[in-house]
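Enquirer: What follows is upload.cif, made up of mmCIF, C-alpha atoms:
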data_my_file
#
loop_
_atom_site.label_atom_id
_atom_site.label_comp_id
_atom_site.auth_asym_id
_atom_site.auth_seq_id
_atom_site.Cartn_x
_atom_site.Cartn_y
_atom_site.Cartn_z
CA MET X 1 18.96 18.85 -13.13
CA LYS X 2 15.79 18.26 -11.20
CA LEU X 3 15.05 14.72 -10.04
CA ILE X 4 11.76 13.06 -10.94
CA LEU X 5 10.41 9.75 -9.65
CA TRP X 6 8.02 8.39 -12.26
CA VAL X 7 5.80 5.57 -11.03
CA GLU X 8 4.35 3.72 -13.99
CA ASP X 9 3.87 0.07 -14.91
CA ASP X 10 3.20 0.57 -18.61
CA ARG X 11 6.49 0.12 -20.49
CA SER X 12 5.31 2.13 -23.46
CA VAL X 13 4.56 5.14 -21.25
CA ILE X 14 7.97 4.75 -19.58
CA THR X 15 9.63 4.74 -22.99
CA VAL X 16 7.78 7.85 -24.11
CA ALA X 17 8.51 9.64 -20.83
CA TRP X 18 12.21 8.82 -21.14
CA ASN X 19 12.40 9.95 -24.75
CA VAL X 20 10.59 13.20 -24.06
CA LEU X 21 12.11 14.16 -20.73
CA HIS X 22 15.55 12.65 -20.15
CA GLU X 23 17.34 15.75 -21.37
CA GLU X 24 15.23 18.01 -19.16
CA ALA X 25 15.43 16.12 -15.85
CA ASP X 26 16.98 13.12 -14.10
CA LEU X 27 14.42 10.35 -14.24
CA VAL X 28 14.01 7.45 -11.83
CA PHE X 29 11.30 4.91 -12.62
CA ALA X 30 9.31 2.57 -10.38
CA THR X 31 6.85 0.05 -11.76
CA SER X 32 4.87 -0.86 -8.64
CA VAL X 33 3.60 0.60 -5.38
CA SER X 34 6.16 -1.43 -3.47
CA GLU X 35 9.08 -0.20 -5.57
CA ALA X 36 7.78 3.36 -5.37
CA ARG X 37 7.56 3.24 -1.58
CA ARG X 38 11.10 1.87 -1.30
CA LYS X 39 12.51 4.56 -3.59
CA LEU X 40 10.55 7.31 -1.86
CA ALA X 41 11.85 6.18 1.53
CA SER X 42 15.42 6.24 0.24
CA ARG X 43 15.69 9.78 -1.11
CA LEU X 44 13.92 13.04 -1.89
CA TYR X 45 12.60 13.99 -5.32
CA ASP X 46 11.73 17.35 -6.82
CA LEU X 47 8.65 15.83 -8.43
CA VAL X 48 6.77 12.55 -8.17
CA VAL X 49 4.63 11.44 -11.11
CA MET X 50 2.25 8.75 -9.93
CA ASP X 51 0.19 6.35 -11.99
CA LEU X 52 -2.97 5.60 -10.03
CA MET X 53 -3.58 2.02 -11.11
CA LEU X 54 -0.61 -0.19 -10.33
CA PRO X 55 -0.30 -3.97 -10.24
CA ASP X 56 0.11 -4.21 -6.46
CA GLY X 57 -2.02 -1.35 -5.25
CA ASN X 58 -3.43 2.10 -5.51
CA GLY X 59 -1.33 5.17 -6.22
CA ILE X 60 -3.75 7.37 -4.28
CA ASP X 61 -2.72 5.66 -1.01
CA VAL X 62 0.92 6.41 -1.77
CA ILE X 63 0.13 10.06 -2.52
CA ARG X 64 -1.78 10.35 0.75
CA ASP X 65 1.03 8.79 2.82
CA LEU X 66 3.72 10.84 1.09
CA LYS X 67 1.91 14.17 1.53
CA ALA X 68 1.26 13.35 5.19
CA VAL X 69 4.97 13.20 5.97
CA ARG X 70 6.30 15.53 3.25
CA PRO X 71 3.62 18.17 2.75
CA GLU X 72 5.91 20.17 0.48
CA GLN X 73 6.35 17.26 -1.96
CA GLN X 74 5.13 18.11 -5.45
CA ILE X 75 3.10 15.21 -6.88
CA ILE X 76 1.08 14.85 -10.02
CA ALA X 77 -1.09 11.90 -10.88
CA VAL X 78 -1.42 10.33 -14.31
CA THR X 79 -4.13 7.89 -15.21
CA ALA X 80 -5.65 6.23 -18.21
CA ALA X 81 -9.10 6.66 -16.68
CA ALA X 82 -9.36 10.21 -15.38
CA THR X 83 -12.96 10.12 -14.18
CA ASP X 84 -14.32 12.89 -11.99
CA LEU X 85 -14.23 10.56 -8.97
CA ILE X 86 -10.61 9.49 -9.47
CA THR X 87 -9.54 13.07 -10.12
CA ARG X 88 -11.25 14.27 -6.95
CA GLN X 89 -9.72 11.46 -4.86
CA ALA X 90 -6.23 12.17 -6.20
CA ILE X 91 -6.52 15.90 -5.54
CA GLU X 92 -7.89 15.28 -2.06
CA ALA X 93 -4.97 12.94 -1.39
CA GLY X 94 -2.57 15.72 -2.30
CA ALA X 95 -1.85 15.60 -6.04
CA ALA X 96 -1.32 19.02 -7.58
CA ALA X 97 -2.95 17.85 -10.81
CA VAL X 98 -4.30 14.79 -12.55
CA LEU X 99 -3.21 14.31 -16.14
CA PRO X 100 -4.59 11.76 -18.58
CA LYS X 101 -1.93 9.46 -20.00
CA THR X 102 -2.89 10.52 -23.48
CA HIS X 103 -1.76 14.04 -22.66
CA ARG X 104 1.60 15.42 -23.71
CA LEU X 105 3.89 14.07 -21.03
CA GLU X 106 6.25 17.05 -21.16
CA ARG X 107 3.51 18.95 -19.33
CA VAL X 108 4.80 17.45 -16.09
CA LEU X 109 7.72 19.88 -16.34
CA ASP X 110 5.26 22.69 -15.61
CA TYR X 111 5.07 21.29 -12.06
CA LEU X 112 8.79 21.32 -11.32
CA MET B 1 16.75 -15.47 40.38
CA THR B 2 16.47 -18.91 41.96
CA PRO B 3 13.63 -21.41 41.50
CA ALA B 4 12.46 -20.35 44.94
CA ASP B 5 12.31 -16.71 43.77
CA ILE B 6 10.25 -17.72 40.77
CA ARG B 7 7.89 -19.86 42.84
CA ARG B 8 7.48 -17.00 45.30
CA ILE B 9 6.51 -14.60 42.51
CA ILE B 10 4.01 -17.06 41.08
CA ALA B 11 2.53 -17.72 44.52
CA ALA B 12 2.28 -13.99 45.17
CA GLY B 13 0.17 -13.49 42.07
CA GLY B 14 2.80 -12.97 39.38
CA PRO B 15 4.55 -9.92 37.96
CA THR B 16 2.94 -6.54 37.66
CA VAL B 17 1.87 -5.47 34.19
CA VAL B 18 2.36 -2.26 32.21
CA TYR B 19 0.77 -1.44 28.88
CA GLN B 20 2.45 0.12 25.87
CA PRO B 21 0.23 1.74 23.24
CA ILE B 22 0.19 0.51 19.65
CA VAL B 23 -0.90 3.34 17.37
CA SER B 24 -2.21 3.76 13.88
CA ILE B 25 0.33 5.74 11.87
CA ILE B 26 -2.08 6.39 9.04
CA GLY B 27 -3.32 9.50 10.80
CA VAL B 28 -2.30 13.06 10.08
CA ARG B 29 1.29 13.92 10.96
CA HIS B 30 1.75 15.91 14.19
CA ALA B 31 -1.80 15.07 15.25
CA PRO B 32 -2.16 12.92 18.39
CA ALA B 33 -1.53 9.33 17.38
CA LYS B 34 -4.64 7.17 17.42
CA VAL B 35 -4.19 4.28 19.82
CA GLU B 36 -5.49 1.06 18.31
CA GLY B 37 -4.40 -1.30 21.07
CA TYR B 38 -1.97 -2.07 23.88
CA GLU B 39 0.73 -4.64 24.48
CA ALA B 40 0.86 -5.99 28.01
CA LEU B 41 4.41 -6.19 29.37
CA ALA B 42 5.43 -7.96 32.58
CA ARG B 43 7.53 -6.09 35.11
CA PHE B 44 9.47 -7.67 37.98
CA ASP B 45 10.51 -5.95 41.13
CA ASP B 46 14.27 -6.11 40.56
CA GLU B 47 16.98 -5.15 38.11
CA HIS B 48 16.65 -8.19 35.84
CA PRO B 49 14.85 -7.68 32.52
CA PRO B 50 11.60 -9.66 32.18
CA ASN B 51 12.91 -11.99 29.48
CA LEU B 52 15.59 -13.24 31.88
CA TRP B 53 12.90 -14.10 34.42
CA PHE B 54 10.93 -16.02 31.83
CA ASP B 55 14.04 -17.78 30.50
CA ALA B 56 15.03 -18.77 34.03
CA ALA B 57 11.52 -19.96 34.76
CA HIS B 58 11.45 -22.12 31.63
CA ALA B 59 14.84 -23.58 32.53
CA GLU B 60 13.35 -24.66 35.86
CA GLY B 61 10.13 -26.02 34.36
CA LEU B 62 8.14 -23.06 35.73
CA GLY B 63 7.88 -21.02 32.54
CA VAL B 64 4.30 -21.87 31.64
CA ASP B 65 3.12 -21.13 35.20
CA LEU B 66 4.87 -17.75 35.17
CA GLU B 67 3.47 -16.87 31.73
CA MET B 68 0.00 -17.90 32.88
CA VAL B 69 -0.05 -15.59 35.90
CA ALA B 70 1.39 -12.75 33.82
CA VAL B 71 -1.30 -13.14 31.16
CA ARG B 72 -4.03 -13.45 33.77
CA ASN B 73 -2.87 -10.23 35.42
CA ALA B 74 -2.74 -8.44 32.08
CA VAL B 75 -6.21 -9.53 31.05
CA ASP B 76 -7.78 -8.96 34.47
CA GLU B 77 -6.48 -5.37 34.71
CA PHE B 78 -7.53 -4.60 31.15
CA ARG B 79 -10.98 -6.03 31.77
CA ARG B 80 -11.36 -4.04 34.99
CA ARG B 81 -10.44 -0.88 33.14
CA LEU B 82 -12.82 -1.68 30.33
CA GLY B 83 -15.65 -1.69 32.85
CA GLY B 84 -18.70 -0.82 30.82
CA PHE B 85 -17.47 -2.13 27.49
CA ARG B 86 -15.01 0.66 26.73
CA ALA B 87 -14.18 -0.09 23.15
CA ASP B 88 -11.80 2.87 22.89
CA LEU B 89 -8.97 0.95 24.52
CA GLY B 90 -8.73 -1.19 21.38
CA TYR B 91 -7.13 -4.60 21.39
CA LEU B 92 -4.88 -6.16 24.00
CA THR B 93 -1.85 -8.21 23.02
CA VAL B 94 -0.31 -10.67 25.45
CA ASN B 95 2.95 -12.55 24.98
CA LEU B 96 3.00 -16.31 25.04
CA SER B 97 5.63 -18.86 24.13
CA PRO B 98 4.65 -21.80 21.91
CA LYS B 99 5.00 -24.07 24.94
CA ALA B 100 2.56 -21.97 26.96
CA LEU B 101 0.11 -21.84 24.08
CA LEU B 102 0.03 -25.64 24.03
CA ASP B 103 -0.68 -25.84 27.74
CA PRO B 104 -4.28 -26.91 28.57
CA THR B 105 -4.59 -24.46 31.49
CA VAL B 106 -3.53 -21.52 29.34
CA GLN B 107 -5.87 -22.61 26.56
CA GLU B 108 -8.75 -22.95 28.99
CA PHE B 109 -8.15 -19.43 30.25
CA LEU B 110 -7.96 -17.92 26.76
CA LEU B 111 -11.02 -19.79 25.53
CA SER B 112 -13.13 -19.17 28.62
CA ASP B 113 -12.34 -15.47 28.68
CA ALA B 114 -13.26 -15.02 25.07
CA GLU B 115 -16.67 -13.64 25.92
CA MET B 116 -15.29 -10.67 27.76
CA PRO B 117 -15.35 -7.39 25.88
CA ILE B 118 -11.69 -7.59 24.90
CA HIS B 119 -10.26 -8.05 21.49
CA LEU B 120 -7.46 -10.30 22.62
CA VAL B 121 -4.37 -10.91 20.48
CA VAL B 122 -1.83 -13.57 21.40
CA GLU B 123 1.73 -12.54 20.49
CA LEU B 124 3.65 -15.69 19.77
CA SER B 125 7.28 -15.23 20.62
CA GLU B 126 10.01 -17.08 18.82
CA SER B 127 11.97 -17.85 21.93
CA GLN B 128 11.32 -21.54 21.39
CA VAL B 129 11.32 -23.79 18.38
CA VAL B 130 7.90 -25.18 17.51
CA ALA B 131 8.26 -28.93 17.17
CA ASP B 132 4.66 -29.60 16.20
CA TYR B 133 3.04 -26.87 14.14
CA ASP B 134 -0.11 -28.95 13.68
CA ALA B 135 -0.75 -28.81 17.42
CA VAL B 136 -0.18 -25.03 17.58
CA GLN B 137 -2.31 -24.57 14.49
CA ASP B 138 -5.13 -26.48 16.15
CA VAL B 139 -5.01 -24.16 19.16
CA VAL B 140 -4.89 -21.08 16.96
CA VAL B 141 -7.96 -22.23 15.05
CA ARG B 142 -9.90 -22.80 18.27
CA LEU B 143 -8.88 -19.38 19.55
CA ARG B 144 -9.96 -17.74 16.32
CA HIS B 145 -13.38 -19.30 16.70
CA VAL B 146 -13.82 -17.31 19.91
CA GLY B 147 -12.34 -14.11 18.51
CA VAL B 148 -8.76 -14.31 19.73
CA ALA B 149 -6.29 -13.25 17.04
CA LEU B 150 -2.63 -14.16 16.52
CA ALA B 151 0.41 -11.93 16.16
CA ILE B 152 3.92 -13.08 15.33
CA ASP B 153 6.37 -11.16 17.50
CA ASP B 154 9.87 -10.01 16.53
CA LEU B 155 9.42 -10.76 12.84
CA GLY B 156 12.81 -10.92 11.20
CA ALA B 157 14.82 -11.18 14.38
CA GLY B 158 15.31 -14.88 14.71
CA PHE B 159 15.27 -18.20 13.02
CA SER B 160 11.67 -19.25 13.36
CA SER B 161 9.36 -16.28 12.89
CA LEU B 162 8.96 -16.83 9.15
CA LEU B 163 8.06 -20.44 9.89
CA HIS B 164 5.46 -19.16 12.37
CA VAL B 165 4.05 -16.92 9.63
CA MET B 166 4.03 -19.70 7.06
CA HIS B 167 2.30 -22.24 9.28
CA LEU B 168 -0.01 -20.08 11.35
CA ARG B 169 -1.15 -17.25 9.01
CA PRO B 170 -1.30 -14.55 11.69
CA GLU B 171 -3.60 -11.53 11.70
CA TYR B 172 -0.72 -9.31 12.85
CA VAL B 173 3.04 -9.35 12.28
CA LYS B 174 5.37 -7.23 14.39
CA ILE B 175 8.60 -6.10 12.76
CA ASP B 176 11.48 -6.39 15.18
CA ARG B 177 13.05 -3.16 16.43
CA GLN B 178 16.49 -4.22 15.18
CA LEU B 179 15.20 -3.97 11.61
CA ILE B 180 14.12 -0.34 11.90
CA ASP B 181 16.65 1.19 14.29
CA ARG B 182 18.74 2.78 11.54
CA LEU B 183 15.89 4.21 9.51
CA PRO B 184 15.77 6.38 7.49
CA ALA B 185 19.50 6.32 6.68
CA ASP B 186 19.98 2.59 6.15
CA GLU B 187 19.03 1.51 2.62
CA PHE B 188 19.17 -2.14 3.60
CA GLN B 189 16.66 -1.67 6.41
CA ILE B 190 14.42 0.20 3.99
CA SER B 191 14.53 -2.78 1.63
CA ILE B 192 13.86 -5.29 4.39
CA VAL B 193 10.87 -3.37 5.77
CA ASN B 194 9.61 -2.97 2.20
CA VAL B 195 9.69 -6.76 1.79
CA LEU B 196 7.99 -7.40 5.14
CA VAL B 197 5.20 -4.95 4.29
CA GLY B 198 4.71 -6.88 1.06
CA LEU B 199 4.60 -10.11 3.04
CA GLY B 200 1.97 -8.66 5.36
CA ARG B 201 -0.14 -7.53 2.42
CA ALA B 202 0.19 -10.90 0.72
CA ILE B 203 -1.11 -12.83 3.73
CA GLY B 204 -3.62 -10.19 4.82
CA ALA B 205 -1.83 -9.39 8.08
CA ARG B 206 -1.62 -6.00 9.72
CA VAL B 207 2.02 -4.87 10.02
CA ILE B 208 3.19 -3.28 13.27
CA ALA B 209 6.67 -1.77 13.62
CA GLU B 210 8.20 -2.15 17.07
CA GLY B 211 10.73 0.15 18.70
CA VAL B 212 9.81 3.38 16.91
CA GLU B 213 11.73 6.18 18.61
CA SER B 214 11.77 9.18 16.27
CA GLN B 215 9.66 11.22 13.88
CA ALA B 216 12.06 10.38 11.05
CA GLN B 217 11.58 6.65 11.67
CA ALA B 218 7.82 7.07 11.84
CA ASP B 219 7.74 9.06 8.60
CA THR B 220 9.82 6.50 6.76
CA LEU B 221 7.65 3.66 8.01
CA ARG B 222 4.57 5.42 6.74
CA ILE B 223 6.08 5.98 3.31
CA LEU B 224 6.93 2.27 3.26
CA GLY B 225 3.28 1.45 3.94
CA VAL B 226 3.51 0.32 7.56
CA THR B 227 0.15 1.02 9.17
CA SER B 228 0.85 0.63 12.90
CA GLY B 229 3.67 1.47 15.25
CA GLN B 230 4.82 0.94 18.80
CA GLY B 231 7.69 2.49 20.69
CA TRP B 232 8.84 5.32 22.91
CA PHE B 233 8.05 7.85 20.18
CA TYR B 234 4.37 6.99 20.51
CA GLY B 235 4.16 6.12 24.17
CA MET B 236 6.10 4.57 27.01
CA PRO B 237 4.87 1.45 28.79
CA GLY B 238 2.77 2.44 31.77
CA PRO B 239 -0.63 2.13 33.39
CA LEU B 240 -3.73 2.12 31.23
CA PRO B 241 -5.30 5.57 30.71
CA ALA B 242 -7.81 6.51 33.38
#
Could the structure of this file be written out as structure tokens, please?
Expert:
Amino acid sequence: MKLILWVEDDRSVITVAWNVLHEEADLVFATSVSEARRKLASRLYDLVVMDLMLPDGNGIDVIRDLKAVRPEQQIIAVTAAATDLITRQAIEAGAAAVLPKTHRLERVLDYL
Amino acid sequence: MTPADIRRIIAAGGPTVVYQPIVSIIGVRHAPAKVEGYEALARFDDEHPPNLWFDAAHAEGLGVDLEMVAVRNAVDEFRRRLGGFRADLGYLTVNLSPKALLDPTVQEFLLSDAEMPIHLVVELSESQVVADYDAVQDVVVRLRHVGVALAIDDLGAGFSSLLHVMHLRPEYVKIDRQLIDRLPADEFQISIVNVLVGLGRAIGARVIAEGVESQAQADTLRILGVTSGQGWFYGMPGPLPA
């Protein structure tokens, strides 16, 4: 199965993501920028799903750093506030797409 | 390496100095690294490594004098090269022991030279225990008033660097090379660097990784959120660029 790192601090979203996707892919969760960076440094993932607003920082910075050293890394951003500005910043940083959290989460499988 | 040797070196103007670039690793991969500053490193004209010279000098009561001439040489050369206010050389870090930092002559030099067009950073080594942090703190505050910043060297390598961080709130922390030498394979090193980056963020200090020797190390450091690096991968110690 494909391996997904899902960076998300909202437990309810994590629960939904697990329920919807755990039979389709191996899921690893991180709930902060710091935890995400540690897990990204430790291994490679087929897909990274990145919340943009995290308790200890900004997911866009992580996307930018990750794409700089692993240009082939597939990343999609999810956010509760998908404004035009945030969407543009995430895409410029290297996200393949920006999905609102209210969207059907199984859509991330389209990016595997 | 006798006391007479040390006195002779001091009398002759001190050790020569080389400069190793410190680069921003936020830039685009494979692009030329952007130099943000230099560390001045003393070099002696024999086979002994510099730290042995300084240790021997301190054992003979000549350590502060030797550090003083080394720092003066480093600053003088950097200032000469700056000439007409060349900001593109970035900051200059110089190494000082706590004992040297508490010395009035060293303080006078650092404070009086504050008006020169150098962003000077004092790298506090942890080669000595600090008995009186209040006194060091007082010096650090006075240096900050004239624009001299503080870096804690070899973070994680010894017994006192976290105490330095706690008491002195540095602007820069330098992660010791022994904590990154097995990246990216070593999970434990990944965790330790991850924690130190968090520490730097929490206290508002810029984090510099020392001893970076490979692209794989550099990539891992960037993923971990380290913003600056130093090591052979980025540039060997040598003369300042022309």
Enquirer: Do you know which residues the PyMOL selection byres ((chain X and resi 19-21) around 12) returns on this file, as number ranges by chain?
Expert: X: 1-4, 6, 12-18, 22-28, 104-109
Enquirer: Once the PyMOL selection byres ((chain B and resi 17) around 10) has been applied to the shown file, what residues remain in the selection, as a list in words?
Expert: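 Going through the file, the PyMOL selection byres ((chain B and resi 17) around 10) ends up selecting Gly14, Pro15, Thr16, Val18, Tyr19, Glu39, Ala40, Leu41, Ala42, Arg43, Phe44, Ala70, Val71, Arg72, Asn73, Ala74, Val75, Glu77, Phe78, Pro237, Gly238, Pro239 and Leu240 of chain B.
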Enquirer: Can you work out the spacing between CA of Phe54 (chain B) and CA of Glu210 (chain B) in Å, to one decimal?
Expert: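 Going from CA of Phe54 (chain B) over to CA of Glu210 (chain B), I get 20.4 Å.
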Enquirer: Select, as a PyMOL selection string, those residues of chain B with any atom no more than 7 Å from chain X (distances computed using all atoms listed in the file).
Expert: chain B and resi 28-29+187+190-191+194+219-220+222-224
Enquirer: Between B:Ala11, B:Val35, B:Met1, B:Ala216, which residue has the minimum interatomic distance to Glu60 (chain B), considering only C-alpha atoms?
Expert: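 Comparing B:Ala11, B:Val35, B:Met1, B:Ala216 against Glu60 (chain B), the winner is B:Met1.
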Enquirer: What is the distance, in Å and to one decimal place, between CA of Pro170 (chain B) and CA of Val141 (chain B)?
Expert: 10.7 Å
Enquirer: Would you work out the distance separating CA of Val139 (chain B) from CA of Glu67 (chain B), expressed in Å to one decimal?
Expert: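 Computing the Euclidean distance for CA of Val139 (chain B) and CA of Glu67 (chain B) yields 16.8 Å.
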Enquirer: Starting from the point (13.9, -23.0, 35.9), work out which residues of protein, DNA or RNA have an atom no more than 10 Å away when counting only C-alpha atoms; state them as number ranges by chain.
Expert: B: 1-4, 6-7, 53-63
Enquirer: Output the residue selection produced by the PyMOL selection byres ((chain B and resi 207) around 9) on the file above, formatted as a list in words.
Expert: Glu171, Tyr172, Val173, Lys174, Ile175, Leu196, Val197, Gly200, Arg201, Ala205, Arg206, Ile208, Ala209, Gly225, Val226, Thr227, Ser228 and Gly229 of chain B
Enquirer: Tell me which of X:Leu44, X:Ala30, X:Gly57, X:Gly94 sits closest to Val7 (chain X), counting all atoms listed in the file.
Expert: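 Smallest separation from Val7 (chain X) among the options: X:Ala30.
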Enquirer: Would you please work out which residue, of B:Leu199, B:Ile192, B:Val69, B:Leu179, is nearest to Asn95 (chain B) when using all atoms listed in the file?
Expert: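 Ranking B:Leu199, B:Ile192, B:Val69, B:Leu179 by distance to Asn95 (chain B), first place goes to B:Val69.
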Enquirer: When distances are computed from all atoms listed in the file, which of B:Tyr38, B:Trp232, B:Tyr133, B:Tyr91 shows the smallest separation from Leu120 (chain B)?
Expert: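 So, comparing all the options, the nearest one is B:Tyr91.
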Enquirer: Taking all atoms listed in the file into account, name the residue in B:Asp5, B:Asp138, B:Asp65, B:Asp103 that is nearest to Leu168 (chain B).
Expert: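 So, comparing all the options, the nearest one is B:Asp138.
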Enquirer: Do you know which residues are at most 8 Å from Gly156 (chain B) counting all atoms listed in the file, after dropping those on the same chain fewer than 2 positions away, and could you put them as a ChimeraX atom specification?
Expert: /B:154,158-159,161-162,175-176,179
Enquirer: Box along x, y and z, 8 Å on every side, all listed atoms of region 54-70 of chain B inside: centre and edge lengths in Å to one decimal, as JSON.
Expert:
{"center_x": 7.5, "center_y": -19.4, "center_z": 33.2, "size_x": 31.1, "size_y": 29.3, "size_z": 21.4}
Enquirer: Set the distance at 12 Å and use only C-alpha atoms: which residues neighbour region 77-83 of chain X once local chain neighbours fewer than 5 positions away are removed? I'd like the list as a ChimeraX atom specification.
Expert: /X:5-10,13,17,47-54,58-64,88-105,107-108,111
Enquirer: Limited to C-alpha atoms, could you put the picked residues into a file as a PDB file, in the coordinates of the input?
Expert:
ATOM      1  CA  LEU X   5      10.410   9.750  -9.650  1.00  0.00           C
ATOM      2  CA  TRP X   6       8.020   8.390 -12.260  1.00  0.00           C
ATOM      3  CA  VAL X   7       5.800   5.570 -11.030  1.00  0.00           C
ATOM      4  CA  GLU X   8       4.350   3.720 -13.990  1.00  0.00           C
ATOM      5  CA  ASP X   9       3.870   0.070 -14.910  1.00  0.00           C
ATOM      6  CA  ASP X  10       3.200   0.570 -18.610  1.00  0.00           C
ATOM      7  CA  VAL X  13       4.560   5.140 -21.250  1.00  0.00           C
ATOM      8  CA  ALA X  17       8.510   9.640 -20.830  1.00  0.00           C
ATOM      9  CA  LEU X  47       8.650  15.830  -8.430  1.00  0.00           C
ATOM     10  CA  VAL X  48       6.770  12.550  -8.170  1.00  0.00           C
ATOM     11  CA  VAL X  49       4.630  11.440 -11.110  1.00  0.00           C
ATOM     12  CA  MET X  50       2.250   8.750  -9.930  1.00  0.00           C
ATOM     13  CA  ASP X  51       0.190   6.350 -11.990  1.00  0.00           C
ATOM     14  CA  LEU X  52      -2.970   5.600 -10.030  1.00  0.00           C
ATOM     15  CA  MET X  53      -3.580   2.020 -11.110  1.00  0.00           C
ATOM     16  CA  LEU X  54      -0.610  -0.190 -10.330  1.00  0.00           C
ATOM     17  CA  ASN X  58      -3.430   2.100  -5.510  1.00  0.00           C
ATOM     18  CA  GLY X  59      -1.330   5.170  -6.220  1.00  0.00           C
ATOM     19  CA  ILE X  60      -3.750   7.370  -4.280  1.00  0.00           C
ATOM     20  CA  ASP X  61      -2.720   5.660  -1.010  1.00  0.00           C
ATOM     21  CA  VAL X  62       0.920   6.410  -1.770  1.00  0.00           C
ATOM     22  CA  ILE X  63       0.130  10.060  -2.520  1.00  0.00           C
ATOM     23  CA  ARG X  64      -1.780  10.350   0.750  1.00  0.00           C
ATOM     24  CA  ARG X  88     -11.250  14.270  -6.950  1.00  0.00           C
ATOM     25  CA  GLN X  89      -9.720  11.460  -4.860  1.00  0.00           C
ATOM     26  CA  ALA X  90      -6.230  12.170  -6.200  1.00  0.00           C
ATOM     27  CA  ILE X  91      -6.520  15.900  -5.540  1.00  0.00           C
ATOM     28  CA  GLU X  92      -7.890  15.280  -2.060  1.00  0.00           C
ATOM     29  CA  ALA X  93      -4.970  12.940  -1.390  1.00  0.00           C
ATOM     30  CA  GLY X  94      -2.570  15.720  -2.300  1.00  0.00           C
ATOM     31  CA  ALA X  95      -1.850  15.600  -6.040  1.00  0.00           C
ATOM     32  CA  ALA X  96      -1.320  19.020  -7.580  1.00  0.00           C
ATOM     33  CA  ALA X  97      -2.950  17.850 -10.810  1.00  0.00           C
ATOM     34  CA  VAL X  98      -4.300  14.790 -12.550  1.00  0.00           C
ATOM     35  CA  LEU X  99      -3.210  14.310 -16.140  1.00  0.00           C
ATOM     36  CA  PRO X 100      -4.590  11.760 -18.580  1.00  0.00           C
ATOM     37  CA  LYS X 101      -1.930   9.460 -20.000  1.00  0.00           C
ATOM     38  CA  THR X 102      -2.890  10.520 -23.480  1.00  0.00           C
ATOM     39  CA  HIS X 103      -1.760  14.040 -22.660  1.00  0.00           C
ATOM     40  CA  ARG X 104       1.600  15.420 -23.710  1.00  0.00           C
ATOM     41  CA  LEU X 105       3.890  14.070 -21.030  1.00  0.00           C
ATOM     42  CA  ARG X 107       3.510  18.950 -19.330  1.00  0.00           C
ATOM     43  CA  VAL X 108       4.800  17.450 -16.090  1.00  0.00           C
ATOM     44  CA  TYR X 111       5.070  21.290 -12.060  1.00  0.00           C
TER      45      TYR X 111
END
Enquirer: Rebuild region 51-59 of chain B so that it carries N, CA, C and O atoms, then output the result as a PDB file, in the coordinates of the input.
Expert:
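See out06.pdb below for the written result:
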ATOM      1  N   ASN B  51      12.628 -10.772  30.259  1.00  0.00           N
ATOM      2  CA  ASN B  51      12.910 -11.990  29.480  1.00  0.00           C
ATOM      3  C   ASN B  51      13.844 -12.936  30.238  1.00  0.00           C
ATOM      4  O   ASN B  51      13.751 -14.160  30.092  1.00  0.00           O
ATOM      5  N   LEU B  52      14.722 -12.375  31.090  1.00  0.00           N
ATOM      6  CA  LEU B  52      15.590 -13.240  31.880  1.00  0.00           C
ATOM      7  C   LEU B  52      14.783 -14.038  32.908  1.00  0.00           C
ATOM      8  O   LEU B  52      15.064 -15.205  33.178  1.00  0.00           O
ATOM      9  N   TRP B  53      13.775 -13.382  33.470  1.00  0.00           N
ATOM     10  CA  TRP B  53      12.900 -14.100  34.420  1.00  0.00           C
ATOM     11  C   TRP B  53      12.185 -15.246  33.709  1.00  0.00           C
ATOM     12  O   TRP B  53      12.130 -16.372  34.226  1.00  0.00           O
ATOM     13  N   PHE B  54      11.662 -14.965  32.533  1.00  0.00           N
ATOM     14  CA  PHE B  54      10.930 -16.020  31.830  1.00  0.00           C
ATOM     15  C   PHE B  54      11.875 -17.131  31.366  1.00  0.00           C
ATOM     16  O   PHE B  54      11.531 -18.314  31.447  1.00  0.00           O
ATOM     17  N   ASP B  55      13.067 -16.751  30.902  1.00  0.00           N
ATOM     18  CA  ASP B  55      14.040 -17.780  30.500  1.00  0.00           C
ATOM     19  C   ASP B  55      14.411 -18.662  31.690  1.00  0.00           C
ATOM     20  O   ASP B  55      14.477 -19.895  31.570  1.00  0.00           O
ATOM     21  N   ALA B  56      14.666 -18.011  32.826  1.00  0.00           N
ATOM     22  CA  ALA B  56      15.030 -18.770  34.030  1.00  0.00           C
ATOM     23  C   ALA B  56      13.883 -19.680  34.464  1.00  0.00           C
ATOM     24  O   ALA B  56      14.095 -20.834  34.854  1.00  0.00           O
ATOM     25  N   ALA B  57      12.678 -19.158  34.366  1.00  0.00           N
ATOM     26  CA  ALA B  57      11.520 -19.960  34.760  1.00  0.00           C
ATOM     27  C   ALA B  57      11.364 -21.185  33.860  1.00  0.00           C
ATOM     28  O   ALA B  57      11.100 -22.300  34.330  1.00  0.00           O
ATOM     29  N   HIS B  58      11.556 -20.985  32.560  1.00  0.00           N
ATOM     30  CA  HIS B  58      11.450 -22.120  31.630  1.00  0.00           C
ATOM     31  C   HIS B  58      12.558 -23.145  31.893  1.00  0.00           C
ATOM     32  O   HIS B  58      12.329 -24.360  31.813  1.00  0.00           O
ATOM     33  N   ALA B  59      13.728 -22.657  32.243  1.00  0.00           N
ATOM     34  CA  ALA B  59      14.840 -23.580  32.530  1.00  0.00           C
ATOM     35  C   ALA B  59      14.537 -24.436  33.754  1.00  0.00           C
ATOM     36  O   ALA B  59      15.049 -25.548  33.877  1.00  0.00           O
TER      37      ALA B  59
END
